[in-house]
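File shown here: my_file-v5.txt, holding compact mmCIF, N, CA and C atoms and all ligand atoms.
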# COMPACT_ATOMS: atom_id res chain seq x y z
N MET N 20 -3.93 -23.26 3.70
CA MET N 20 -3.30 -22.26 2.82
C MET N 20 -4.20 -22.01 1.63
N SER N 21 -4.29 -20.76 1.23
CA SER N 21 -5.07 -20.49 0.03
C SER N 21 -4.44 -19.33 -0.74
N ILE N 22 -4.64 -19.36 -2.03
CA ILE N 22 -4.12 -18.29 -2.88
C ILE N 22 -5.04 -17.09 -2.75
N GLU N 23 -4.47 -15.96 -2.36
CA GLU N 23 -5.25 -14.72 -2.19
C GLU N 23 -4.64 -13.61 -3.05
N ARG N 24 -5.43 -12.54 -3.16
CA ARG N 24 -4.94 -11.31 -3.79
C ARG N 24 -5.08 -10.17 -2.78
N THR N 25 -4.12 -9.26 -2.79
CA THR N 25 -4.19 -8.12 -1.88
C THR N 25 -3.75 -6.86 -2.62
N LEU N 26 -4.24 -5.70 -2.14
CA LEU N 26 -3.83 -4.45 -2.77
C LEU N 26 -2.63 -3.85 -2.04
N SER N 27 -1.68 -3.40 -2.82
CA SER N 27 -0.49 -2.73 -2.29
C SER N 27 -0.39 -1.35 -2.94
N ILE N 28 0.08 -0.38 -2.17
CA ILE N 28 0.40 0.95 -2.74
C ILE N 28 1.81 1.32 -2.33
N ILE N 29 2.65 1.61 -3.31
CA ILE N 29 3.96 2.19 -3.02
C ILE N 29 3.73 3.70 -2.95
N LYS N 30 4.01 4.27 -1.79
CA LYS N 30 3.59 5.64 -1.47
C LYS N 30 4.57 6.70 -2.02
N PRO N 31 4.13 7.98 -1.98
CA PRO N 31 4.97 9.05 -2.58
C PRO N 31 6.37 9.17 -1.99
N ASP N 32 6.56 8.86 -0.70
CA ASP N 32 7.94 8.98 -0.16
C ASP N 32 8.87 7.99 -0.85
N ALA N 33 8.32 6.84 -1.27
CA ALA N 33 9.14 5.80 -1.90
C ALA N 33 9.33 6.06 -3.40
N THR N 34 8.27 6.52 -4.09
CA THR N 34 8.45 6.80 -5.52
C THR N 34 9.42 7.98 -5.69
N ARG N 35 9.36 8.94 -4.76
CA ARG N 35 10.25 10.11 -4.83
C ARG N 35 11.72 9.68 -4.74
N ARG N 36 11.98 8.61 -3.97
CA ARG N 36 13.37 8.15 -3.80
C ARG N 36 13.72 7.01 -4.75
N ASN N 37 12.83 6.77 -5.75
CA ASN N 37 13.11 5.76 -6.79
C ASN N 37 13.28 4.36 -6.20
N LEU N 38 12.41 4.00 -5.25
CA LEU N 38 12.54 2.72 -4.54
C LEU N 38 11.59 1.64 -5.05
N THR N 39 10.86 1.92 -6.15
CA THR N 39 9.85 0.96 -6.62
C THR N 39 10.47 -0.43 -6.87
N GLY N 40 11.60 -0.47 -7.54
CA GLY N 40 12.22 -1.76 -7.86
C GLY N 40 12.68 -2.51 -6.62
N LEU N 41 13.30 -1.80 -5.68
CA LEU N 41 13.78 -2.46 -4.46
C LEU N 41 12.61 -3.01 -3.65
N ILE N 42 11.51 -2.24 -3.61
CA ILE N 42 10.32 -2.70 -2.87
C ILE N 42 9.68 -3.88 -3.59
N ASN N 43 9.59 -3.82 -4.91
CA ASN N 43 9.02 -4.95 -5.64
C ASN N 43 9.86 -6.22 -5.44
N ALA N 44 11.17 -6.07 -5.34
CA ALA N 44 12.02 -7.25 -5.11
C ALA N 44 11.68 -7.91 -3.77
N LYS N 45 11.33 -7.09 -2.77
CA LYS N 45 10.93 -7.66 -1.46
C LYS N 45 9.66 -8.50 -1.62
N PHE N 46 8.70 -8.00 -2.39
CA PHE N 46 7.47 -8.77 -2.60
C PHE N 46 7.78 -10.08 -3.31
N GLU N 47 8.56 -9.98 -4.38
CA GLU N 47 8.85 -11.18 -5.18
C GLU N 47 9.69 -12.19 -4.39
N ASP N 48 10.62 -11.69 -3.59
CA ASP N 48 11.44 -12.60 -2.76
C ASP N 48 10.57 -13.35 -1.76
N ALA N 49 9.46 -12.73 -1.35
CA ALA N 49 8.55 -13.37 -0.38
C ALA N 49 7.54 -14.27 -1.07
N GLY N 50 7.65 -14.43 -2.38
CA GLY N 50 6.74 -15.33 -3.09
C GLY N 50 5.46 -14.67 -3.56
N LEU N 51 5.40 -13.35 -3.44
CA LEU N 51 4.22 -12.63 -3.93
C LEU N 51 4.44 -12.23 -5.38
N LYS N 52 3.42 -12.48 -6.21
CA LYS N 52 3.53 -12.19 -7.65
C LYS N 52 2.76 -10.90 -7.93
N ILE N 53 3.39 -9.97 -8.65
CA ILE N 53 2.73 -8.70 -8.99
C ILE N 53 1.91 -8.95 -10.25
N ILE N 54 0.59 -9.08 -10.08
CA ILE N 54 -0.25 -9.46 -11.23
C ILE N 54 -0.95 -8.26 -11.87
N GLY N 55 -0.74 -7.08 -11.30
CA GLY N 55 -1.26 -5.83 -11.89
C GLY N 55 -0.52 -4.68 -11.24
N GLN N 56 -0.22 -3.66 -12.02
CA GLN N 56 0.56 -2.56 -11.45
C GLN N 56 0.39 -1.32 -12.32
N LYS N 57 0.19 -0.15 -11.70
CA LYS N 57 0.22 1.10 -12.47
C LYS N 57 0.64 2.27 -11.58
N ARG N 58 1.31 3.22 -12.22
CA ARG N 58 1.78 4.42 -11.52
C ARG N 58 0.74 5.52 -11.76
N LEU N 59 0.29 6.13 -10.67
CA LEU N 59 -0.80 7.11 -10.74
C LEU N 59 -0.48 8.34 -9.91
N GLN N 60 -1.03 9.46 -10.31
CA GLN N 60 -1.10 10.64 -9.43
C GLN N 60 -2.51 10.67 -8.87
N LEU N 61 -2.68 10.36 -7.60
CA LEU N 61 -4.01 10.36 -7.01
C LEU N 61 -4.54 11.79 -6.93
N THR N 62 -5.84 11.95 -7.14
CA THR N 62 -6.49 13.24 -6.87
C THR N 62 -6.88 13.26 -5.40
N ARG N 63 -7.17 14.46 -4.90
CA ARG N 63 -7.63 14.57 -3.50
C ARG N 63 -8.89 13.74 -3.29
N THR N 64 -9.80 13.79 -4.25
CA THR N 64 -11.06 13.04 -4.12
C THR N 64 -10.79 11.54 -4.00
N MET N 65 -9.87 11.03 -4.83
CA MET N 65 -9.54 9.59 -4.77
C MET N 65 -8.93 9.23 -3.42
N ALA N 66 -7.97 10.05 -2.95
CA ALA N 66 -7.29 9.74 -1.69
C ALA N 66 -8.28 9.80 -0.52
N GLU N 67 -9.15 10.80 -0.53
CA GLU N 67 -10.16 10.93 0.55
C GLU N 67 -11.06 9.71 0.57
N LYS N 68 -11.46 9.26 -0.61
CA LYS N 68 -12.37 8.12 -0.71
C LYS N 68 -11.65 6.83 -0.28
N PHE N 69 -10.43 6.67 -0.75
CA PHE N 69 -9.69 5.44 -0.43
C PHE N 69 -9.50 5.30 1.09
N TYR N 70 -9.18 6.42 1.77
CA TYR N 70 -8.91 6.37 3.21
C TYR N 70 -10.11 6.81 4.05
N GLU N 71 -11.31 6.74 3.46
CA GLU N 71 -12.53 7.19 4.15
C GLU N 71 -12.69 6.54 5.53
N ILE N 72 -12.29 5.29 5.63
CA ILE N 72 -12.38 4.55 6.90
C ILE N 72 -11.64 5.28 8.04
N HIS N 73 -10.64 6.11 7.69
CA HIS N 73 -9.87 6.84 8.70
C HIS N 73 -10.32 8.29 8.85
N LYS N 74 -11.49 8.65 8.30
CA LYS N 74 -11.80 10.09 8.21
C LYS N 74 -11.98 10.78 9.55
N ASP N 75 -12.26 10.01 10.61
CA ASP N 75 -12.38 10.64 11.93
C ASP N 75 -11.09 10.60 12.73
N ARG N 76 -10.02 10.04 12.14
CA ARG N 76 -8.75 9.96 12.86
C ARG N 76 -8.02 11.30 12.72
N PRO N 77 -7.23 11.67 13.75
CA PRO N 77 -6.57 12.99 13.72
C PRO N 77 -5.58 13.14 12.56
N PHE N 78 -5.08 12.01 12.03
CA PHE N 78 -4.06 12.09 10.98
C PHE N 78 -4.65 12.10 9.57
N TYR N 79 -5.99 12.08 9.45
CA TYR N 79 -6.63 11.90 8.13
C TYR N 79 -6.24 12.99 7.11
N ASN N 80 -6.34 14.26 7.50
CA ASN N 80 -6.07 15.33 6.52
C ASN N 80 -4.61 15.32 6.07
N ASP N 81 -3.72 15.12 7.03
CA ASP N 81 -2.29 15.06 6.67
C ASP N 81 -2.01 13.85 5.78
N LEU N 82 -2.68 12.74 6.07
CA LEU N 82 -2.49 11.52 5.27
C LEU N 82 -2.92 11.76 3.82
N VAL N 83 -4.07 12.41 3.65
CA VAL N 83 -4.56 12.70 2.30
C VAL N 83 -3.57 13.63 1.59
N ASP N 84 -3.13 14.68 2.28
CA ASP N 84 -2.14 15.60 1.67
C ASP N 84 -0.89 14.84 1.24
N PHE N 85 -0.43 13.95 2.10
CA PHE N 85 0.78 13.19 1.78
C PHE N 85 0.56 12.27 0.58
N MET N 86 -0.59 11.61 0.53
CA MET N 86 -0.82 10.62 -0.54
C MET N 86 -0.98 11.27 -1.92
N ILE N 87 -1.24 12.60 -1.95
CA ILE N 87 -1.33 13.28 -3.25
C ILE N 87 -0.08 14.14 -3.50
N SER N 88 0.95 13.99 -2.66
CA SER N 88 2.14 14.84 -2.79
C SER N 88 3.08 14.39 -3.90
N GLY N 89 2.78 13.25 -4.53
CA GLY N 89 3.61 12.73 -5.61
C GLY N 89 2.98 11.46 -6.13
N PRO N 90 3.61 10.83 -7.13
CA PRO N 90 3.03 9.61 -7.70
C PRO N 90 3.00 8.45 -6.70
N VAL N 91 2.05 7.56 -6.91
CA VAL N 91 2.02 6.28 -6.18
C VAL N 91 2.05 5.17 -7.23
N VAL N 92 2.42 3.97 -6.79
CA VAL N 92 2.30 2.79 -7.65
C VAL N 92 1.30 1.85 -6.97
N VAL N 93 0.16 1.64 -7.63
CA VAL N 93 -0.83 0.73 -7.07
C VAL N 93 -0.61 -0.63 -7.72
N GLN N 94 -0.77 -1.68 -6.92
CA GLN N 94 -0.45 -3.00 -7.45
C GLN N 94 -1.30 -4.06 -6.76
N VAL N 95 -1.51 -5.16 -7.46
CA VAL N 95 -2.18 -6.31 -6.87
C VAL N 95 -1.15 -7.42 -6.75
N LEU N 96 -1.03 -7.95 -5.52
CA LEU N 96 -0.09 -9.03 -5.23
C LEU N 96 -0.88 -10.31 -5.03
N GLU N 97 -0.40 -11.40 -5.61
CA GLU N 97 -1.08 -12.68 -5.48
C GLU N 97 -0.12 -13.72 -4.91
N GLY N 98 -0.63 -14.56 -4.02
CA GLY N 98 0.19 -15.63 -3.47
C GLY N 98 -0.51 -16.32 -2.32
N GLU N 99 0.16 -17.32 -1.73
CA GLU N 99 -0.37 -18.02 -0.56
C GLU N 99 -0.59 -17.00 0.56
N ASN N 100 -1.79 -16.97 1.09
CA ASN N 100 -2.11 -16.06 2.21
C ASN N 100 -1.56 -14.65 1.96
N ALA N 101 -1.84 -14.12 0.77
CA ALA N 101 -1.20 -12.87 0.34
C ALA N 101 -1.44 -11.69 1.30
N VAL N 102 -2.63 -11.62 1.90
CA VAL N 102 -2.91 -10.48 2.78
C VAL N 102 -1.93 -10.48 3.95
N LYS N 103 -1.83 -11.65 4.61
CA LYS N 103 -0.96 -11.76 5.78
C LYS N 103 0.51 -11.71 5.38
N SER N 104 0.83 -12.37 4.29
CA SER N 104 2.24 -12.42 3.93
C SER N 104 2.73 -11.04 3.47
N ASN N 105 1.87 -10.27 2.79
CA ASN N 105 2.27 -8.90 2.44
C ASN N 105 2.47 -8.05 3.70
N ARG N 106 1.60 -8.22 4.68
CA ARG N 106 1.74 -7.42 5.91
C ARG N 106 3.03 -7.77 6.65
N ALA N 107 3.44 -9.03 6.55
CA ALA N 107 4.71 -9.43 7.16
C ALA N 107 5.90 -8.78 6.43
N VAL N 108 5.82 -8.75 5.11
CA VAL N 108 6.91 -8.13 4.33
C VAL N 108 6.97 -6.62 4.57
N MET N 109 5.78 -5.99 4.73
CA MET N 109 5.74 -4.53 4.97
C MET N 109 6.32 -4.17 6.32
N GLY N 110 5.99 -4.94 7.37
CA GLY N 110 6.38 -4.58 8.73
C GLY N 110 5.35 -3.65 9.36
N SER N 111 5.55 -3.33 10.64
CA SER N 111 4.58 -2.52 11.39
C SER N 111 4.40 -1.14 10.78
N THR N 112 3.19 -0.58 10.97
CA THR N 112 2.86 0.75 10.45
C THR N 112 3.91 1.78 10.88
N ASN N 113 4.29 1.71 12.16
CA ASN N 113 5.31 2.61 12.68
C ASN N 113 6.69 1.98 12.43
N PRO N 114 7.52 2.61 11.61
CA PRO N 114 8.81 1.99 11.26
C PRO N 114 9.69 1.71 12.47
N ASP N 115 9.51 2.49 13.56
CA ASP N 115 10.31 2.24 14.77
C ASP N 115 9.99 0.88 15.38
N GLU N 116 8.79 0.35 15.05
CA GLU N 116 8.37 -0.94 15.62
C GLU N 116 8.50 -2.08 14.60
N ALA N 117 8.97 -1.77 13.40
CA ALA N 117 9.01 -2.78 12.33
C ALA N 117 10.23 -3.70 12.50
N ASN N 118 10.03 -4.98 12.13
CA ASN N 118 11.13 -5.96 12.23
C ASN N 118 12.21 -5.68 11.17
N GLU N 119 13.42 -6.12 11.51
CA GLU N 119 14.55 -6.04 10.56
C GLU N 119 14.19 -6.73 9.25
N GLY N 120 14.60 -6.14 8.15
CA GLY N 120 14.40 -6.78 6.85
C GLY N 120 13.07 -6.43 6.20
N THR N 121 12.16 -5.81 6.97
CA THR N 121 10.87 -5.43 6.38
C THR N 121 11.02 -4.13 5.58
N ILE N 122 10.05 -3.91 4.69
CA ILE N 122 10.08 -2.71 3.85
C ILE N 122 10.08 -1.44 4.70
N ARG N 123 9.18 -1.41 5.69
CA ARG N 123 9.09 -0.18 6.48
C ARG N 123 10.33 0.05 7.34
N LYS N 124 10.93 -1.04 7.85
CA LYS N 124 12.16 -0.88 8.64
C LYS N 124 13.27 -0.30 7.76
N GLU N 125 13.36 -0.81 6.52
CA GLU N 125 14.47 -0.39 5.65
C GLU N 125 14.23 0.96 4.99
N PHE N 126 12.95 1.26 4.64
CA PHE N 126 12.72 2.41 3.77
C PHE N 126 11.84 3.52 4.35
N ALA N 127 10.97 3.22 5.33
CA ALA N 127 10.00 4.24 5.76
C ALA N 127 10.70 5.42 6.42
N GLU N 128 10.13 6.61 6.18
CA GLU N 128 10.68 7.83 6.77
C GLU N 128 10.01 8.17 8.10
N SER N 129 8.73 7.77 8.24
CA SER N 129 7.96 8.10 9.45
C SER N 129 6.70 7.25 9.46
N ILE N 130 5.87 7.37 10.50
CA ILE N 130 4.63 6.60 10.56
C ILE N 130 3.69 6.99 9.40
N GLU N 131 3.78 8.25 8.96
CA GLU N 131 2.94 8.68 7.83
C GLU N 131 3.61 8.32 6.50
N ALA N 132 4.84 8.73 6.32
CA ALA N 132 5.57 8.44 5.07
C ALA N 132 6.21 7.06 5.24
N ASN N 133 5.34 6.03 5.27
CA ASN N 133 5.82 4.69 5.62
C ASN N 133 5.91 3.77 4.40
N SER N 134 6.10 4.39 3.23
CA SER N 134 6.53 3.72 1.98
C SER N 134 5.52 2.81 1.29
N VAL N 135 4.71 2.08 2.07
CA VAL N 135 3.76 1.15 1.46
C VAL N 135 2.45 1.09 2.24
N HIS N 136 1.39 0.78 1.52
CA HIS N 136 0.10 0.42 2.13
C HIS N 136 -0.20 -1.00 1.70
N GLY N 137 -0.84 -1.77 2.57
CA GLY N 137 -1.32 -3.11 2.21
C GLY N 137 -2.66 -3.36 2.85
N SER N 138 -3.55 -4.04 2.14
CA SER N 138 -4.88 -4.33 2.68
C SER N 138 -4.75 -5.08 4.01
N ASP N 139 -5.69 -4.80 4.93
CA ASP N 139 -5.60 -5.43 6.26
C ASP N 139 -6.47 -6.66 6.42
N SER N 140 -7.29 -6.99 5.42
CA SER N 140 -8.12 -8.20 5.48
C SER N 140 -8.48 -8.58 4.05
N LEU N 141 -8.93 -9.82 3.89
CA LEU N 141 -9.31 -10.27 2.55
C LEU N 141 -10.53 -9.48 2.04
N GLU N 142 -11.43 -9.18 2.96
CA GLU N 142 -12.62 -8.41 2.58
C GLU N 142 -12.21 -7.01 2.07
N ASN N 143 -11.34 -6.34 2.82
CA ASN N 143 -10.89 -5.02 2.37
C ASN N 143 -10.03 -5.12 1.12
N ALA N 144 -9.29 -6.21 0.97
CA ALA N 144 -8.47 -6.39 -0.24
C ALA N 144 -9.37 -6.36 -1.48
N ASN N 145 -10.48 -7.07 -1.42
CA ASN N 145 -11.38 -7.11 -2.58
C ASN N 145 -11.94 -5.72 -2.88
N ILE N 146 -12.31 -4.99 -1.82
CA ILE N 146 -12.84 -3.63 -2.02
C ILE N 146 -11.76 -2.72 -2.61
N GLU N 147 -10.55 -2.80 -2.04
CA GLU N 147 -9.46 -1.91 -2.48
C GLU N 147 -8.97 -2.26 -3.89
N ILE N 148 -8.95 -3.55 -4.22
CA ILE N 148 -8.53 -3.94 -5.58
C ILE N 148 -9.51 -3.36 -6.59
N SER N 149 -10.81 -3.48 -6.31
CA SER N 149 -11.77 -2.98 -7.30
C SER N 149 -11.83 -1.45 -7.34
N PHE N 150 -11.28 -0.80 -6.31
CA PHE N 150 -11.17 0.67 -6.34
C PHE N 150 -10.23 1.11 -7.46
N PHE N 151 -9.17 0.34 -7.69
CA PHE N 151 -8.13 0.76 -8.65
C PHE N 151 -8.07 -0.05 -9.94
N PHE N 152 -8.56 -1.29 -9.93
CA PHE N 152 -8.32 -2.17 -11.08
C PHE N 152 -9.60 -2.78 -11.64
N ALA N 153 -9.62 -2.92 -12.97
CA ALA N 153 -10.63 -3.75 -13.64
C ALA N 153 -10.05 -5.15 -13.73
N ASN N 154 -10.91 -6.16 -13.80
CA ASN N 154 -10.43 -7.55 -13.87
C ASN N 154 -9.47 -7.77 -15.03
N ILE N 155 -9.73 -7.10 -16.14
CA ILE N 155 -8.90 -7.30 -17.33
C ILE N 155 -7.46 -6.84 -17.13
N GLU N 156 -7.23 -6.02 -16.10
CA GLU N 156 -5.87 -5.51 -15.83
C GLU N 156 -5.07 -6.45 -14.93
N LEU N 157 -5.69 -7.53 -14.48
CA LEU N 157 -5.01 -8.46 -13.56
C LEU N 157 -4.71 -9.75 -14.29
N VAL N 158 -3.42 -10.03 -14.45
CA VAL N 158 -2.99 -11.18 -15.23
C VAL N 158 -2.06 -12.03 -14.38
N ALA N 159 -2.55 -13.17 -13.95
CA ALA N 159 -1.77 -14.01 -13.02
C ALA N 159 -0.74 -14.86 -13.75
P1 LIG K 201 -1.66 2.70 5.85
O1 LIG K 201 -1.39 1.25 5.99
O2 LIG K 201 -1.66 3.27 4.49
O3 LIG K 201 -3.07 3.06 6.55
C1 LIG K 201 -3.34 4.32 7.09
C2 LIG K 201 -2.16 5.23 7.09
O4 LIG K 201 -2.25 6.36 7.94
C3 LIG K 201 -0.97 4.48 7.62
O5 LIG K 201 -0.56 3.48 6.70
C4 LIG K 201 0.01 5.61 7.86
O6 LIG K 201 0.70 5.97 6.67
C5 LIG K 201 -0.92 6.79 8.20
N1 LIG K 201 -0.79 7.24 9.58
C6 LIG K 201 -0.36 8.43 9.95
N2 LIG K 201 -0.37 8.54 11.28
C7 LIG K 201 -0.81 7.37 11.78
C8 LIG K 201 -1.05 6.88 13.11
N3 LIG K 201 -0.83 7.61 14.18
N4 LIG K 201 -1.53 5.62 13.23
C9 LIG K 201 -1.78 4.85 12.12
N5 LIG K 201 -1.57 5.29 10.85
C10 LIG K 201 -1.09 6.54 10.68

Produce structure tokens that represent the structure in this file.
Amino acid sequence: MSIERTLSIIKPDATRRNLTGLINAKFEDAGLKIIGQKRLQLTRTMAEKFYEIHKDRPFYNDLVDFMISGPVVVQVLEGENAVKSNRAVMGSTNPDEANEGTIRKEFAESIEANSVHGSDSLENANIEISFFFANIELVA
């Protein structure tokens, strides 16, 4: 077991429905500590860059449009095996396949408007955290 940090994004479908607090409670109930958090309106350039890894996927343009359709809350979660444990709390990308009690099962509207993003590896977590946060903004 090791203490890790991972990047989380509460997406526009969730901020629009005022679900930030309910989603944060899921993280905290799972033992993840929110050590940095800010509400942002992403620009198209930021969203394109953040999801660059998906730029050849058919859903890329729609995903970028969706991610700039309203505010997001970007956050850093810290805890034991935070990358994996956050992915367990989020549930499967497709809400139809997500387990009961997960964020996506309870809140996601669709595979695109799926309420949260979470880093998929420790390596990507470090890249994604530094995309949004300076070290001084992370207080454990
Ligand atoms: P996220 O974890 O943010 O990573 C990429 C996002 O693309 C994903 O969540 C979904 O919101 C979105 N997406 C839209 N369509 C698909 C799809 N068919 N497969 C995977 N991700 C998709």

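Taking atom C of Glu23 of chain N and atom CA of Glu99 of chain N as the two end points, the separation is 6.6 Å.
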
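With only N, CA and C atoms and all ligand atoms counted, the chains near ligand LIG 201 (chain K) contribute these residues within 6.5 Å: Phe78, Leu82, Thr112, Ile130, Glu131, Ala132, Asn133, Val135, His136 and Gly137 of chain N.
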
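From atom C of Ser111 of chain N back to atom C of Leu59 of chain N, the distance works out to 23.3 Å.
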
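Distances from N:Arg123, N:Glu156, N:Val95, N:Ile146 to Ile28 of chain N were compared using only N, CA and C atoms, and the smallest one belongs to N:Val95.
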
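Distance check against Glu67 of chain N using all atoms listed in the file: of N:Leu41, N:Leu157, N:Val92, N:Val83, the minimum falls on N:Val83.
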
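Between atom C of Lys124 of chain N and atom C of Ser138 of chain N lies a distance of 19.0 Å.
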
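Secondary structure from DSSP on the backbone puts strand (DSSP E or B) at the following positions of chain N: Ile22, Glu23, Arg24, Thr25, Leu26, Ser27, Ile28, Ile29, Lys52, Ile53, Ile54, Gly55, Gln56, Lys57, Arg58, Leu59, Val91, Val92, Val93, Gln94, Val95, Leu96, Glu97, Gly98, Glu99, Val135, His136 and Gly137 of chain N.
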
* Asked: Leaving out Gly110 of chain N and any residue of its chain fewer than 5 positions from it, which residues lie within 8 Å of it when counting only N, CA and C atoms, given as a VMD selection string?
  -> chain N and resid 104 to 105 116 to 124

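Considering the residues N:Ile29, N:Val102, N:Val108, N:Leu38 and counting only C-alpha atoms, Gln60 of chain N has its shortest atom-to-atom contact with N:Ile29.
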
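Closest to Ala33 of chain N among N:Glu142, N:Asp84, N:Glu71, N:Glu128 is N:Glu128, based on all atoms listed in the file.
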
* **Close residues, Arg35 of chain N itself excluded, 10 Å, only C-alpha atoms, min 2 positions apart in chain, as a ChimeraX atom specification** => /N:30-33,37-39,88-91

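Nearest-residue note for Met109 of chain N: choosing from N:Glu125, N:Leu141, N:Leu61, N:Tyr70, the minimum distance belongs to N:Glu125, counting all atoms listed in the file.
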
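Distances from N:Val93, N:Glu147, N:Arg24, N:Gln56 to Phe69 of chain N were compared using all atoms listed in the file, and the smallest one belongs to N:Glu147.
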
Based on the backbone DSSP call, show me all residues of segment 45-85 of chain N assigned alpha helix (DSSP H), as a PDB file with N, CA and C atoms, keeping the file's coordinate frame.
ATOM      1  N   LYS N  45      11.330  -7.090  -2.770  1.00  0.00           N
ATOM      2  CA  LYS N  45      10.930  -7.660  -1.460  1.00  0.00           C
ATOM      3  C   LYS N  45       9.660  -8.500  -1.620  1.00  0.00           C
ATOM      4  N   PHE N  46       8.700  -8.000  -2.390  1.00  0.00           N
ATOM      5  CA  PHE N  46       7.470  -8.770  -2.600  1.00  0.00           C
ATOM      6  C   PHE N  46       7.780 -10.080  -3.310  1.00  0.00           C
ATOM      7  N   GLU N  47       8.560  -9.980  -4.380  1.00  0.00           N
ATOM      8  CA  GLU N  47       8.850 -11.180  -5.180  1.00  0.00           C
ATOM      9  C   GLU N  47       9.690 -12.190  -4.390  1.00  0.00           C
ATOM     10  N   ASP N  48      10.620 -11.690  -3.590  1.00  0.00           N
ATOM     11  CA  ASP N  48      11.440 -12.600  -2.760  1.00  0.00           C
ATOM     12  C   ASP N  48      10.570 -13.350  -1.760  1.00  0.00           C
ATOM     13  N   ARG N  63      -7.170  14.460  -4.900  1.00  0.00           N
ATOM     14  CA  ARG N  63      -7.630  14.570  -3.500  1.00  0.00           C
ATOM     15  C   ARG N  63      -8.890  13.740  -3.290  1.00  0.00           C
ATOM     16  N   THR N  64      -9.800  13.790  -4.250  1.00  0.00           N
ATOM     17  CA  THR N  64     -11.060  13.040  -4.120  1.00  0.00           C
ATOM     18  C   THR N  64     -10.790  11.540  -4.000  1.00  0.00           C
ATOM     19  N   MET N  65      -9.870  11.030  -4.830  1.00  0.00           N
ATOM     20  CA  MET N  65      -9.540   9.590  -4.770  1.00  0.00           C
ATOM     21  C   MET N  65      -8.930   9.230  -3.420  1.00  0.00           C
ATOM     22  N   ALA N  66      -7.970  10.050  -2.950  1.00  0.00           N
ATOM     23  CA  ALA N  66      -7.290   9.740  -1.690  1.00  0.00           C
ATOM     24  C   ALA N  66      -8.280   9.800  -0.520  1.00  0.00           C
ATOM     25  N   GLU N  67      -9.150  10.800  -0.530  1.00  0.00           N
ATOM     26  CA  GLU N  67     -10.160  10.930   0.550  1.00  0.00           C
ATOM     27  C   GLU N  67     -11.060   9.710   0.570  1.00  0.00           C
ATOM     28  N   LYS N  68     -11.460   9.260  -0.610  1.00  0.00           N
ATOM     29  CA  LYS N  68     -12.370   8.120  -0.710  1.00  0.00           C
ATOM     30  C   LYS N  68     -11.650   6.830  -0.280  1.00  0.00           C
ATOM     31  N   PHE N  69     -10.430   6.670  -0.750  1.00  0.00           N
ATOM     32  CA  PHE N  69      -9.690   5.440  -0.430  1.00  0.00           C
ATOM     33  C   PHE N  69      -9.500   5.300   1.090  1.00  0.00           C
ATOM     34  N   TYR N  79      -5.990  12.080   9.450  1.00  0.00           N
ATOM     35  CA  TYR N  79      -6.630  11.900   8.130  1.00  0.00           C
ATOM     36  C   TYR N  79      -6.240  12.990   7.110  1.00  0.00           C
ATOM     37  N   ASN N  80      -6.340  14.260   7.500  1.00  0.00           N
ATOM     38  CA  ASN N  80      -6.070  15.330   6.520  1.00  0.00           C
ATOM     39  C   ASN N  80      -4.610  15.320   6.070  1.00  0.00           C
ATOM     40  N   ASP N  81      -3.720  15.120   7.030  1.00  0.00           N
ATOM     41  CA  ASP N  81      -2.290  15.060   6.670  1.00  0.00           C
ATOM     42  C   ASP N  81      -2.010  13.850   5.780  1.00  0.00           C
ATOM     43  N   LEU N  82      -2.680  12.740   6.070  1.00  0.00           N
ATOM     44  CA  LEU N  82      -2.490  11.520   5.270  1.00  0.00           C
ATOM     45  C   LEU N  82      -2.920  11.760   3.820  1.00  0.00           C
ATOM     46  N   VAL N  83      -4.070  12.410   3.650  1.00  0.00           N
ATOM     47  CA  VAL N  83      -4.560  12.700   2.300  1.00  0.00           C
ATOM     48  C   VAL N  83      -3.570  13.630   1.590  1.00  0.00           C
ATOM     49  N   ASP N  84      -3.130  14.680   2.280  1.00  0.00           N
ATOM     50  CA  ASP N  84      -2.140  15.600   1.670  1.00  0.00           C
ATOM     51  C   ASP N  84      -0.890  14.840   1.240  1.00  0.00           C
ATOM     52  N   PHE N  85      -0.430  13.950   2.100  1.00  0.00           N
ATOM     53  CA  PHE N  85       0.780  13.190   1.780  1.00  0.00           C
ATOM     54  C   PHE N  85       0.560  12.270   0.580  1.00  0.00           C
TER      55      PHE N  85
END

* Hey, what's within 8 Å of Asp139 of chain N if we count all atoms listed in the file and toss same-chain stuff fewer than 4 positions away? As a list in words, please? -> Thr25, Leu26, Val102, Lys103, Arg106, Asn143 and Ala144 of chain N

Take every atom of segment 30-43 of chain N listed in the file, pad by 4 Å on each side, and give me the axis-aligned box centre and edge lengths in Å, one decimal, as JSON.
{"center_x": 8.7, "center_y": 1.9, "center_z": -4.0, "size_x": 18.2, "size_y": 24.3, "size_z": 15.7}
